[in-house]
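So this one's data.txt, compact mmCIF, C-alpha atoms and all ligand atoms:
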# COMPACT_ATOMS: atom_id res chain seq x y z
CA MET Z 1 -18.09 25.89 16.14
CA GLN Z 2 -20.12 26.34 12.98
CA GLN Z 3 -19.68 23.52 10.49
CA SER Z 4 -19.55 26.08 7.67
CA ALA Z 5 -16.40 27.62 9.16
CA LEU Z 6 -14.69 24.22 9.12
CA GLU Z 7 -15.98 23.58 5.58
CA ARG Z 8 -14.30 26.83 4.57
CA VAL Z 9 -11.01 25.67 6.14
CA LYS Z 10 -11.27 22.35 4.29
CA SER Z 11 -11.89 24.14 1.01
CA LEU Z 12 -8.63 26.06 1.45
CA VAL Z 13 -6.46 22.90 1.62
CA ARG Z 14 -4.39 22.69 -1.57
CA ASN Z 15 -4.00 19.31 -3.31
CA ILE Z 16 -0.58 18.63 -4.78
CA PRO Z 17 -0.55 15.51 -6.97
CA ASP Z 18 2.55 13.28 -6.98
CA PHE Z 19 4.30 15.00 -4.04
CA PRO Z 20 6.73 14.06 -2.54
CA VAL Z 21 6.60 10.90 -4.68
CA LYS Z 22 4.45 9.71 -7.56
CA GLY Z 23 1.02 8.44 -6.50
CA ILE Z 24 0.74 10.54 -3.31
CA GLN Z 25 -1.86 13.31 -3.27
CA PHE Z 26 -0.28 15.76 -0.83
CA LYS Z 27 -2.63 17.85 1.32
CA ASP Z 28 -0.91 21.21 1.63
CA LEU Z 29 -2.15 23.12 4.69
CA THR Z 30 0.03 26.19 4.15
CA THR Z 31 -2.87 27.63 2.16
CA VAL Z 32 -5.00 27.28 5.31
CA LEU Z 33 -2.41 28.65 7.72
CA LYS Z 34 -1.80 31.84 5.73
CA ASP Z 35 -5.51 32.74 5.90
CA PRO Z 36 -6.12 34.63 9.18
CA GLN Z 37 -9.77 33.59 9.46
CA ALA Z 38 -8.99 29.91 8.79
CA LEU Z 39 -6.16 29.93 11.33
CA ALA Z 40 -8.52 31.41 13.92
CA THR Z 41 -11.17 28.78 13.07
CA ILE Z 42 -8.67 25.96 13.71
CA SER Z 43 -7.52 27.55 16.95
CA ASP Z 44 -11.10 28.06 18.18
CA ALA Z 45 -12.31 24.61 17.11
CA LEU Z 46 -9.44 22.81 18.86
CA ALA Z 47 -9.76 24.94 22.00
CA GLU Z 48 -13.51 24.20 22.14
CA MET Z 49 -12.86 20.45 21.83
CA TYR Z 50 -10.13 20.18 24.45
CA ARG Z 51 -10.69 22.97 26.97
CA GLY Z 52 -11.63 21.74 30.45
CA ARG Z 53 -10.38 18.18 29.93
CA GLY Z 54 -7.39 18.42 32.23
CA ILE Z 55 -4.78 18.27 29.47
CA THR Z 56 -1.37 19.22 30.88
CA LYS Z 57 0.81 18.69 27.76
CA VAL Z 58 0.15 18.96 24.04
CA VAL Z 59 2.75 16.87 22.17
CA GLY Z 60 3.27 17.99 18.56
CA ILE Z 61 4.93 15.81 15.91
CA GLU Z 62 7.66 17.37 13.73
CA SER Z 63 7.17 19.55 11.97
CA ARG Z 64 3.64 20.34 10.90
CA GLY Z 65 2.29 19.22 14.27
CA PHE Z 66 4.14 22.09 15.96
CA ILE Z 67 1.95 24.82 14.51
CA ALA Z 68 -1.58 24.14 15.71
CA GLY Z 69 -0.18 22.05 18.60
CA ALA Z 70 1.53 25.05 20.16
CA ILE Z 71 -1.44 27.33 19.49
CA LEU Z 72 -3.76 24.81 21.16
CA ALA Z 73 -1.47 24.32 24.16
CA SER Z 74 -1.51 28.06 24.79
CA ARG Z 75 -5.30 28.28 24.36
CA ILE Z 76 -6.02 25.54 26.93
CA GLY Z 77 -3.31 26.37 29.45
CA ALA Z 78 -1.16 23.31 28.71
CA GLY Z 79 2.56 23.04 27.99
CA PHE Z 80 3.92 22.12 24.56
CA VAL Z 81 6.33 19.23 23.88
CA PRO Z 82 7.97 18.53 20.49
CA ILE Z 83 8.57 15.06 19.07
CA ARG Z 84 11.45 15.38 16.63
CA LYS Z 85 13.49 13.52 14.04
CA PRO Z 86 16.75 11.97 15.34
CA GLY Z 87 19.60 14.20 16.48
CA LYS Z 88 17.59 17.42 16.85
CA LEU Z 89 16.79 17.41 20.58
CA PRO Z 90 19.73 18.53 22.74
CA ALA Z 91 19.13 16.75 26.08
CA ASP Z 92 18.57 13.05 26.96
CA THR Z 93 15.95 11.46 24.72
CA ILE Z 94 14.01 8.27 24.29
CA LYS Z 95 13.57 7.00 20.72
CA LYS Z 96 11.18 4.86 18.74
CA SER Z 97 11.78 3.36 15.31
CA TYR Z 98 8.92 2.33 13.09
CA ALA Z 99 8.42 0.82 9.66
CA LYS Z 100 7.44 3.12 6.81
CA GLU Z 101 6.37 2.11 3.34
CA TYR Z 102 10.05 2.12 2.38
CA GLY Z 103 12.60 1.60 5.16
CA VAL Z 104 12.54 2.64 8.80
CA ASP Z 105 12.08 6.00 10.51
CA THR Z 106 12.92 7.12 14.06
CA ILE Z 107 11.40 9.80 16.30
CA GLU Z 108 12.60 11.17 19.65
CA ILE Z 109 11.23 12.96 22.70
CA HIS Z 110 13.12 14.46 25.64
CA ALA Z 111 13.25 11.92 28.45
CA ASP Z 112 11.93 14.47 30.97
CA ALA Z 113 9.19 15.90 28.72
CA ILE Z 114 6.29 13.94 30.23
CA VAL Z 115 5.93 13.07 33.91
CA PRO Z 116 3.70 10.34 35.39
CA GLY Z 117 0.18 11.70 35.76
CA ASP Z 118 0.35 14.10 32.81
CA VAL Z 119 -2.75 14.17 30.62
CA VAL Z 120 -1.39 14.26 27.08
CA LEU Z 121 -2.90 15.31 23.78
CA LEU Z 122 -0.87 14.05 20.82
CA HIS Z 123 -1.33 16.30 17.78
CA ASP Z 124 -0.33 16.17 14.12
CA ASP Z 125 -1.67 17.95 11.07
CA LEU Z 126 -2.81 14.90 9.14
CA LEU Z 127 -3.60 11.22 9.75
CA ALA Z 128 -2.56 9.04 6.80
CA THR Z 129 -1.46 5.44 7.55
CA GLY Z 130 -1.05 6.20 11.26
CA GLY Z 131 2.48 4.81 11.61
CA THR Z 132 3.98 8.07 12.82
CA MET Z 133 1.28 8.69 15.42
CA LEU Z 134 1.44 5.10 16.69
CA ALA Z 135 5.19 5.47 17.29
CA ALA Z 136 4.55 8.80 19.07
CA TYR Z 137 1.86 7.14 21.21
CA GLU Z 138 4.24 4.36 22.24
CA LEU Z 139 6.95 6.88 23.14
CA VAL Z 140 4.57 8.88 25.32
CA LYS Z 141 2.98 5.79 26.94
CA ALA Z 142 6.41 4.69 28.15
CA MET Z 143 6.50 7.86 30.27
CA GLN Z 144 3.38 6.81 32.21
CA PRO Z 145 0.87 9.57 31.50
CA ALA Z 146 -2.52 9.34 33.22
CA LYS Z 147 -4.33 9.58 29.86
CA VAL Z 148 -3.53 10.11 26.18
CA TYR Z 149 -5.76 11.69 23.52
CA MET Z 150 -5.00 12.01 19.80
CA ASN Z 151 -5.99 14.79 17.43
CA PHE Z 152 -5.38 15.71 13.80
CA ILE Z 153 -6.50 18.73 11.83
CA CYS Z 154 -7.58 16.36 9.06
CA SER Z 155 -7.52 12.68 8.19
CA LEU Z 156 -7.62 10.35 5.20
CA PRO Z 157 -9.99 7.61 6.49
CA ALA Z 158 -9.50 5.47 3.38
CA LEU Z 159 -5.98 4.64 4.64
CA LYS Z 160 -7.44 3.21 7.87
CA GLY Z 161 -4.83 4.78 10.14
CA ARG Z 162 -7.35 4.80 13.02
CA ASP Z 163 -7.27 0.99 13.07
CA LEU Z 164 -3.61 1.01 14.19
CA PHE Z 165 -4.38 2.74 17.48
CA PRO Z 166 -5.70 1.04 20.63
CA GLN Z 167 -9.50 1.04 20.68
CA GLU Z 168 -9.67 2.93 24.00
CA VAL Z 169 -7.85 6.01 22.66
CA GLU Z 170 -10.16 8.90 21.70
CA VAL Z 171 -9.09 10.12 18.24
CA THR Z 172 -10.51 13.27 16.64
CA SER Z 173 -9.99 15.27 13.48
CA LEU Z 174 -11.60 18.56 12.48
CA PHE Z 175 -12.47 17.24 9.01
CA ASP Z 176 -11.86 14.23 6.76
CA PHE Z 177 -11.07 13.78 3.07
CA ASP Z 178 -13.05 10.97 1.38
P1 LIG Z 201 1.39 8.52 8.45
O1 LIG Z 201 2.45 8.01 9.38
O2 LIG Z 201 1.27 7.72 7.19
O3 LIG Z 201 0.04 8.69 9.13
O4 LIG Z 201 1.87 9.94 7.94
C1 LIG Z 201 1.78 10.97 8.79
C2 LIG Z 201 2.69 12.10 8.50
O5 LIG Z 201 3.03 12.28 7.12
C3 LIG Z 201 2.01 13.37 8.95
O6 LIG Z 201 2.94 14.09 9.71
C4 LIG Z 201 1.60 14.07 7.70
O7 LIG Z 201 1.93 15.43 7.84
C5 LIG Z 201 2.41 13.44 6.59
N1 LIG Z 201 1.59 13.00 5.45
C6 LIG Z 201 1.35 11.73 5.07
N2 LIG Z 201 0.58 11.65 3.98
C7 LIG Z 201 0.29 12.92 3.64
C8 LIG Z 201 -0.50 13.54 2.61
N3 LIG Z 201 -1.16 12.82 1.68
N4 LIG Z 201 -0.59 14.88 2.58
C9 LIG Z 201 0.07 15.63 3.52
N5 LIG Z 201 0.81 15.11 4.51
C10 LIG Z 201 0.94 13.78 4.58
Using the file provided, produce a representation of the structure as structure tokens.
Amino acid sequence: MQQSALERVKSLVRNIPDFPVKGIQFKDLTTVLKDPQALATISDALAEMYRGRGITKVVGIESRGFIAGAILASRIGAGFVPIRKPGKLPADTIKKSYAKEYGVDTIEIHADAIVPGDVVLLHDDLLATGGTMLAAYELVKAMQPAKVYMNFICSLPALKGRDLFPQEVEVTSLFDFD
């Protein structure tokens, strides 16, 4: 993957100041996704990174993690599993609650989504504080996968989300915002 192609993707991310609340600089990836060349770059870059690593399930976090997560799963011959907000999944679930800046949030996964021995790639669009991904990691770990990887399209390293995750977990992002 040429670095210039990823630089182009990064340049297409739209900054929205004070969304959804004052003080947050929202990274809007819809301006990337609507560009056919940028979408193909993301698909190719992720497939290059994860092809041949034995991944059996890509787990995407609601809702922006569904987009590239499902594309990647198809590219590498893995299945796709959604992690959703409470009350959305129809069959038996396991849940995890976690602290957010204000209050508590909960996420769910189907209880039969991961089987022991699965090699799992957890995917979301953006790493901020890492709280959401840590909760997703703990949900998936409880289902006894053989290995878990984590990937984001982009990350905000200044928020130190990486520090929340166990040291042994390989975490990647296609590009970072300083
Ligand atoms: P966190 O748990 O803080 O890492 O937040 C992760 C989730 O919130 C991801 O699903 C992101 O899509 C979303 N998110 C958090 N901060 C931002 C931001 N500045 N711009 C866009 N999305 C964000």
**Item:** Residue nearest ligand LIG 201 (chain Z) among Z:Ala135, Z:Ala91, Z:Ala78, Z:Val115 (counting only C-alpha atoms and all ligand atoms)
**Value:**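 Smallest distance to ligand LIG 201 (chain Z) is found for Z:Ala135.
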Residues within 9 Å of segment 51-68 of chain Z, please, as a PDB file with C-alpha atoms, keeping the file's coordinate frame. Count all atoms listed in the file; anything in the same chain fewer than 6 positions from it doesn't count.
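Dumped to result15.pdb:
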ATOM      1  CA  LEU Z  29      -2.150  23.120   4.690  1.00  0.00           C
ATOM      2  CA  LEU Z  33      -2.410  28.650   7.720  1.00  0.00           C
ATOM      3  CA  LEU Z  39      -6.160  29.930  11.330  1.00  0.00           C
ATOM      4  CA  ILE Z  42      -8.670  25.960  13.710  1.00  0.00           C
ATOM      5  CA  SER Z  43      -7.520  27.550  16.950  1.00  0.00           C
ATOM      6  CA  ARG Z  75      -5.300  28.280  24.360  1.00  0.00           C
ATOM      7  CA  ILE Z  76      -6.020  25.540  26.930  1.00  0.00           C
ATOM      8  CA  GLY Z  77      -3.310  26.370  29.450  1.00  0.00           C
ATOM      9  CA  ALA Z  78      -1.160  23.310  28.710  1.00  0.00           C
ATOM     10  CA  GLY Z  79       2.560  23.040  27.990  1.00  0.00           C
ATOM     11  CA  PHE Z  80       3.920  22.120  24.560  1.00  0.00           C
ATOM     12  CA  VAL Z  81       6.330  19.230  23.880  1.00  0.00           C
ATOM     13  CA  PRO Z  82       7.970  18.530  20.490  1.00  0.00           C
ATOM     14  CA  ILE Z  83       8.570  15.060  19.070  1.00  0.00           C
ATOM     15  CA  ARG Z  84      11.450  15.380  16.630  1.00  0.00           C
ATOM     16  CA  LYS Z  85      13.490  13.520  14.040  1.00  0.00           C
ATOM     17  CA  ILE Z 107      11.400   9.800  16.300  1.00  0.00           C
ATOM     18  CA  ALA Z 113       9.190  15.900  28.720  1.00  0.00           C
ATOM     19  CA  ILE Z 114       6.290  13.940  30.230  1.00  0.00           C
ATOM     20  CA  ASP Z 118       0.350  14.100  32.810  1.00  0.00           C
ATOM     21  CA  VAL Z 119      -2.750  14.170  30.620  1.00  0.00           C
ATOM     22  CA  VAL Z 120      -1.390  14.260  27.080  1.00  0.00           C
ATOM     23  CA  LEU Z 121      -2.900  15.310  23.780  1.00  0.00           C
ATOM     24  CA  LEU Z 122      -0.870  14.050  20.820  1.00  0.00           C
ATOM     25  CA  HIS Z 123      -1.330  16.300  17.780  1.00  0.00           C
ATOM     26  CA  ASP Z 124      -0.330  16.170  14.120  1.00  0.00           C
ATOM     27  CA  ASP Z 125      -1.670  17.950  11.070  1.00  0.00           C
ATOM     28  CA  LEU Z 126      -2.810  14.900   9.140  1.00  0.00           C
ATOM     29  CA  THR Z 132       3.980   8.070  12.820  1.00  0.00           C
ATOM     30  CA  MET Z 133       1.280   8.690  15.420  1.00  0.00           C
ATOM     31  CA  ALA Z 136       4.550   8.800  19.070  1.00  0.00           C
ATOM     32  CA  VAL Z 140       4.570   8.880  25.320  1.00  0.00           C
ATOM     33  CA  LYS Z 147      -4.330   9.580  29.860  1.00  0.00           C
ATOM     34  CA  VAL Z 148      -3.530  10.110  26.180  1.00  0.00           C
ATOM     35  CA  TYR Z 149      -5.760  11.690  23.520  1.00  0.00           C
ATOM     36  CA  PHE Z 152      -5.380  15.710  13.800  1.00  0.00           C
ATOM     37  CA  ILE Z 153      -6.500  18.730  11.830  1.00  0.00           C
TER      38      ILE Z 153
END
**Prompt:** In terms of the shortest atom-to-atom distance over all atoms listed in the file, which of Z:Asp92, Z:Asp112, Z:Glu170, Z:Asp176 is closest to ligand LIG 201 (chain Z)?
**Reply:** Z:Asp176
**Item:** Contacts of ligand LIG 201 (chain Z), 6 Å or closer, all atoms listed in the file, given as a PyMOL selection string
**Value:** chain Z and resi 24-28+124-132
**Prompt:** Do you have the atom CA of Ala158 of chain Z-atom CA of Phe177 of chain Z distance handy?
**Reply:** 8.5 Å
**Message:** So the first atom is atom CA of Ser11 of chain Z and the second is atom CA of Ala38 of chain Z; what is the distance between them in Å, to one decimal place?
**Reply:**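 Value for the atom CA of Ser11 of chain Z-atom CA of Ala38 of chain Z distance: 10.1 Å.
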**Message:** What's the separation between atom CA of Glu168 of chain Z and atom CA of Gln2 of chain Z, in Å to one decimal place?
**Reply:**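 The value is 27.9 Å.
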**Request:** Give me the residues within 9 Å of Gly117 of chain Z as a ChimeraX atom specification, counting all atoms listed in the file and dropping any in the same chain fewer than 5 places off.
**Result:** /Z:144-147
Please produce a file of those selected residues containing C-alpha atoms, as a PDB file, in the frame of the given file.
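Below is the file that was written, result30.pdb:
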ATOM      1  CA  GLN Z 144       3.380   6.810  32.210  1.00  0.00           C
ATOM      2  CA  PRO Z 145       0.870   9.570  31.500  1.00  0.00           C
ATOM      3  CA  ALA Z 146      -2.520   9.340  33.220  1.00  0.00           C
ATOM      4  CA  LYS Z 147      -4.330   9.580  29.860  1.00  0.00           C
TER       5      LYS Z 147
END
**Request:** Point out the residue among Z:Asp163, Z:Ile71, Z:Ser97, Z:Val13 with the least atom-to-atom distance to Asp44 of chain Z, counting only C-alpha atoms.
**Result:**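 Using only C-alpha atoms, Asp44 of chain Z sits closest to Z:Ile71.
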**Prompt:** Closest to Gln167 of chain Z among Z:Leu139, Z:Ser155, Z:Lys10, Z:Met150, using all atoms listed in the file?
**Reply:** Z:Met150
**Message:** Taking all atoms listed in the file into account, name the residue in Z:Leu134, Z:Ala73, Z:Cys154, Z:Ala99 that is nearest to Val32 of chain Z.
**Reply:**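 Among the listed residues, the smallest separation from Val32 of chain Z belongs to Z:Cys154.
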